[in-house]
$ cat upload-v7.txt   # compact mmCIF, N, CA and C atoms
# COMPACT_ATOMS: atom_id res chain seq x y z
N MET A 1 152.79 160.18 3.00
CA MET A 1 152.17 158.99 2.41
C MET A 1 152.16 159.15 0.89
N LYS A 2 152.38 158.09 0.18
CA LYS A 2 152.40 158.10 -1.27
C LYS A 2 150.97 158.07 -1.81
N THR A 3 150.70 158.91 -2.80
CA THR A 3 149.38 158.92 -3.42
C THR A 3 149.49 158.43 -4.86
N LEU A 4 148.35 158.17 -5.46
CA LEU A 4 148.30 157.62 -6.81
C LEU A 4 148.98 158.52 -7.84
N ILE A 5 148.87 159.83 -7.69
CA ILE A 5 149.47 160.76 -8.65
C ILE A 5 151.01 160.69 -8.63
N ASP A 6 151.59 160.20 -7.52
CA ASP A 6 153.05 160.11 -7.39
C ASP A 6 153.63 158.90 -8.12
N CYS A 7 152.79 157.96 -8.52
CA CYS A 7 153.25 156.71 -9.13
C CYS A 7 153.65 156.91 -10.59
N LYS A 8 154.67 156.19 -10.98
CA LYS A 8 155.13 156.25 -12.37
C LYS A 8 154.35 155.26 -13.24
N LYS A 9 154.50 155.43 -14.54
CA LYS A 9 153.86 154.54 -15.52
C LYS A 9 154.28 153.09 -15.27
N ALA A 10 153.34 152.17 -15.43
CA ALA A 10 153.52 150.73 -15.27
C ALA A 10 153.69 150.30 -13.82
N CYS A 11 153.43 151.18 -12.89
CA CYS A 11 153.53 150.87 -11.46
C CYS A 11 152.24 150.18 -11.00
N ARG A 12 152.38 149.10 -10.23
CA ARG A 12 151.21 148.42 -9.64
C ARG A 12 151.18 148.77 -8.16
N VAL A 13 150.01 149.16 -7.70
CA VAL A 13 149.88 149.59 -6.31
C VAL A 13 148.63 149.00 -5.66
N LYS A 14 148.65 149.00 -4.34
CA LYS A 14 147.51 148.56 -3.54
C LYS A 14 146.95 149.79 -2.83
N VAL A 15 145.64 149.97 -2.87
CA VAL A 15 145.00 151.12 -2.23
C VAL A 15 144.99 150.91 -0.72
N LEU A 16 145.48 151.93 0.00
CA LEU A 16 145.48 151.88 1.46
C LEU A 16 144.30 152.64 2.05
N LYS A 17 143.96 153.80 1.42
CA LYS A 17 142.92 154.65 1.98
C LYS A 17 142.39 155.62 0.94
N LEU A 18 141.09 155.89 0.98
CA LEU A 18 140.48 156.92 0.15
C LEU A 18 140.18 158.12 1.04
N ASN A 19 140.75 159.27 0.71
CA ASN A 19 140.54 160.48 1.49
C ASN A 19 139.50 161.41 0.87
N ALA A 20 138.67 160.86 0.00
CA ALA A 20 137.67 161.66 -0.72
C ALA A 20 136.42 161.88 0.12
N LYS A 21 135.66 162.91 -0.23
CA LYS A 21 134.36 163.19 0.40
C LYS A 21 133.35 162.17 -0.11
N ASP A 22 132.17 162.16 0.49
CA ASP A 22 131.14 161.13 0.25
C ASP A 22 130.83 160.87 -1.22
N ASP A 23 130.46 161.91 -1.99
CA ASP A 23 130.06 161.70 -3.39
C ASP A 23 131.19 161.12 -4.23
N LEU A 24 132.36 161.70 -4.14
CA LEU A 24 133.51 161.21 -4.90
C LEU A 24 133.92 159.82 -4.42
N LYS A 25 133.87 159.61 -3.13
CA LYS A 25 134.23 158.30 -2.57
C LYS A 25 133.32 157.21 -3.12
N GLN A 26 132.03 157.48 -3.18
CA GLN A 26 131.08 156.51 -3.72
C GLN A 26 131.33 156.25 -5.20
N ARG A 27 131.70 157.31 -5.95
CA ARG A 27 132.00 157.15 -7.37
C ARG A 27 133.24 156.27 -7.57
N LEU A 28 134.28 156.51 -6.78
CA LEU A 28 135.50 155.71 -6.88
C LEU A 28 135.21 154.25 -6.53
N ILE A 29 134.42 154.03 -5.48
CA ILE A 29 134.08 152.66 -5.08
C ILE A 29 133.28 151.97 -6.19
N SER A 30 132.40 152.71 -6.86
CA SER A 30 131.63 152.11 -7.95
C SER A 30 132.53 151.67 -9.12
N PHE A 31 133.70 152.29 -9.25
CA PHE A 31 134.68 151.90 -10.27
C PHE A 31 135.58 150.76 -9.80
N GLY A 32 135.44 150.35 -8.54
CA GLY A 32 136.29 149.29 -8.00
C GLY A 32 137.52 149.80 -7.28
N ILE A 33 137.60 151.12 -7.08
CA ILE A 33 138.74 151.71 -6.38
C ILE A 33 138.35 151.83 -4.91
N MET A 34 138.83 150.87 -4.11
CA MET A 34 138.51 150.85 -2.68
C MET A 34 139.71 150.27 -1.94
N LYS A 35 139.65 150.29 -0.63
CA LYS A 35 140.76 149.78 0.17
C LYS A 35 141.09 148.35 -0.24
N ALA A 36 142.37 148.08 -0.39
CA ALA A 36 142.94 146.77 -0.74
C ALA A 36 142.82 146.41 -2.22
N SER A 37 142.21 147.26 -3.06
CA SER A 37 142.16 146.94 -4.48
C SER A 37 143.51 147.22 -5.14
N ILE A 38 143.78 146.50 -6.22
CA ILE A 38 145.05 146.62 -6.94
C ILE A 38 144.82 147.46 -8.19
N LEU A 39 145.66 148.48 -8.37
CA LEU A 39 145.58 149.38 -9.51
C LEU A 39 146.90 149.35 -10.27
N GLU A 40 146.83 149.60 -11.57
CA GLU A 40 148.03 149.74 -12.39
C GLU A 40 147.98 151.08 -13.09
N VAL A 41 149.04 151.86 -12.95
CA VAL A 41 149.12 153.16 -13.62
C VAL A 41 149.53 152.91 -15.07
N LEU A 42 148.69 153.34 -16.01
CA LEU A 42 148.95 153.11 -17.43
C LEU A 42 149.63 154.31 -18.09
N GLU A 43 149.20 155.51 -17.74
CA GLU A 43 149.71 156.70 -18.44
C GLU A 43 149.41 157.96 -17.64
N HIS A 44 150.27 158.95 -17.79
CA HIS A 44 150.04 160.30 -17.26
C HIS A 44 149.88 161.24 -18.44
N SER A 45 148.99 162.21 -18.33
CA SER A 45 148.89 163.22 -19.38
C SER A 45 150.05 164.20 -19.22
N PRO A 46 150.36 164.98 -20.25
CA PRO A 46 151.41 165.99 -20.11
C PRO A 46 151.05 166.94 -18.96
N GLY A 47 152.01 167.18 -18.12
CA GLY A 47 151.77 168.04 -16.97
C GLY A 47 151.08 167.34 -15.82
N LYS A 48 150.87 166.03 -15.95
CA LYS A 48 150.23 165.20 -14.92
C LYS A 48 148.87 165.75 -14.48
N SER A 49 148.10 166.30 -15.41
CA SER A 49 146.77 166.80 -15.04
C SER A 49 145.76 165.66 -14.91
N THR A 50 146.03 164.54 -15.58
CA THR A 50 145.20 163.33 -15.42
C THR A 50 146.10 162.11 -15.38
N VAL A 51 145.56 161.04 -14.85
CA VAL A 51 146.29 159.76 -14.80
C VAL A 51 145.31 158.67 -15.24
N GLU A 52 145.79 157.80 -16.13
CA GLU A 52 144.97 156.67 -16.58
C GLU A 52 145.40 155.44 -15.80
N ILE A 53 144.42 154.76 -15.22
CA ILE A 53 144.71 153.57 -14.42
C ILE A 53 143.89 152.39 -14.91
N LYS A 54 144.31 151.22 -14.50
CA LYS A 54 143.58 150.00 -14.81
C LYS A 54 143.15 149.37 -13.49
N VAL A 55 141.84 149.10 -13.39
CA VAL A 55 141.26 148.44 -12.22
C VAL A 55 140.58 147.19 -12.74
N GLY A 56 141.13 146.03 -12.46
CA GLY A 56 140.61 144.80 -13.06
C GLY A 56 140.80 144.87 -14.56
N LYS A 57 139.71 144.80 -15.32
CA LYS A 57 139.79 144.92 -16.78
C LYS A 57 139.37 146.31 -17.26
N MET A 58 139.00 147.19 -16.35
CA MET A 58 138.49 148.51 -16.71
C MET A 58 139.61 149.57 -16.66
N ARG A 59 139.59 150.45 -17.65
CA ARG A 59 140.52 151.58 -17.69
C ARG A 59 139.76 152.84 -17.29
N ILE A 60 140.37 153.64 -16.41
CA ILE A 60 139.72 154.84 -15.88
C ILE A 60 140.72 155.98 -15.92
N ALA A 61 140.25 157.17 -16.29
CA ALA A 61 141.07 158.37 -16.22
C ALA A 61 140.59 159.20 -15.03
N LEU A 62 141.53 159.57 -14.17
CA LEU A 62 141.21 160.39 -13.01
C LEU A 62 141.93 161.73 -13.11
N ARG A 63 141.29 162.77 -12.62
CA ARG A 63 141.95 164.07 -12.52
C ARG A 63 143.04 163.97 -11.45
N ALA A 64 144.04 164.83 -11.56
CA ALA A 64 145.13 164.84 -10.59
C ALA A 64 144.61 165.07 -9.17
N GLN A 65 143.61 165.96 -9.02
CA GLN A 65 143.04 166.25 -7.70
C GLN A 65 142.40 165.00 -7.09
N GLU A 66 141.79 164.17 -7.93
CA GLU A 66 141.17 162.93 -7.45
C GLU A 66 142.24 161.89 -7.08
N ALA A 67 143.27 161.78 -7.92
CA ALA A 67 144.34 160.81 -7.69
C ALA A 67 145.12 161.13 -6.42
N GLN A 68 145.20 162.41 -6.05
CA GLN A 68 145.90 162.81 -4.84
C GLN A 68 145.18 162.37 -3.57
N LEU A 69 143.93 162.02 -3.69
CA LEU A 69 143.13 161.60 -2.53
C LEU A 69 143.21 160.09 -2.27
N ILE A 70 143.94 159.37 -3.12
CA ILE A 70 144.03 157.92 -3.01
C ILE A 70 145.43 157.55 -2.51
N GLU A 71 145.51 157.09 -1.26
CA GLU A 71 146.78 156.67 -0.68
C GLU A 71 147.08 155.24 -1.11
N VAL A 72 148.31 155.00 -1.55
CA VAL A 72 148.68 153.69 -2.09
C VAL A 72 150.04 153.24 -1.58
N GLU A 73 150.31 151.94 -1.76
CA GLU A 73 151.65 151.40 -1.53
C GLU A 73 152.02 150.53 -2.72
N LYS A 74 153.27 150.57 -3.10
CA LYS A 74 153.73 149.79 -4.26
C LYS A 74 153.75 148.31 -3.91
N ILE A 75 153.38 147.48 -4.89
CA ILE A 75 153.43 146.02 -4.67
C ILE A 75 154.37 145.37 -5.66
$ encode --input "upload-v7.txt" --output "structure tokens"
Amino acid sequence: MKTLIDCKKACRVKVLKLNAKDDLKQRLISFGIMKASILEVLEHSPGKSTVEIKVGKMRIALRAQEAQLIEVEKI
């Protein structure tokens, strides 16, 4: 399954599933990252240690470990 960290810059994706534990899952949901939400990958840091995404009008930086827990499909 493709995860958010696998997406290239300027890629738009739809969230299929969050594989995070309770605390992290609630944090992601509070940012608007939940099943069926649309995300846009804006930038990767050198070495892909973080990924910057856009959710609605909000920009969020996620650690690579967090982005690997978000299953997505390209739209």
$ residues_around --input "upload-v7.txt" --residues "Glu52 (chain A)" --least-positions-apart "2" --cutoff "6.5 Å" --atoms "all atoms listed in the file" --output "PyMOL selection string"
chain A and resi 40-45+50+54+59-62
$ closest_residue --input "upload-v7.txt" --among "A:Lys25, A:Ile5, A:Leu16, A:Pro46" --to "Arg63 (chain A)" --atoms "only C-alpha atoms"
A:Ile5
$ residues_around --input "upload-v7.txt" --residues "Lys74 (chain A)" --least-positions-apart "2" --cutoff "6 Å" --atoms "all atoms listed in the file" --output "number ranges by chain"
A: 12-14, 72
$ residues_around --input "upload-v7.txt" --residues "Asn19 (chain A)" --least-positions-apart "3" --cutoff "10 Å" --atoms "only C-alpha atoms" --output "number ranges by chain"
A: 16, 22, 24-25, 66-71
$ atom_distance --input "upload-v7.txt" --atom1 "atom C of Ile38 (chain A)" --atom2 "atom C of Ile53 (chain A)"
8.4 Å
$ atom_distance --input "upload-v7.txt" --atom1 "CA of Val55 (chain A)" --atom2 "CA of Lys21 (chain A)"
20.6 Å
$ atom_distance --input "upload-v7.txt" --atom1 "CA of Glu73 (chain A)" --atom2 "CA of Ala36 (chain A)"
9.9 Å
$ select_by_dssp --input "upload-v7.txt" --residues "chain A" --states "strand (DSSP E)" --output "ChimeraX atom specification"
/A:12-18,38-44,50-55,58-63,70-74
$ closest_residue --input "upload-v7.txt" --among "A:Ser37, A:Gln65, A:Asp6, A:Lys57" --to "Ala20 (chain A)" --atoms "only C-alpha atoms"
A:Gln65
$ closest_residue --input "upload-v7.txt" --among "A:Val51, A:Met58, A:Ala10, A:Lys17" --to "Phe31 (chain A)" --atoms "only C-alpha atoms"
A:Met58
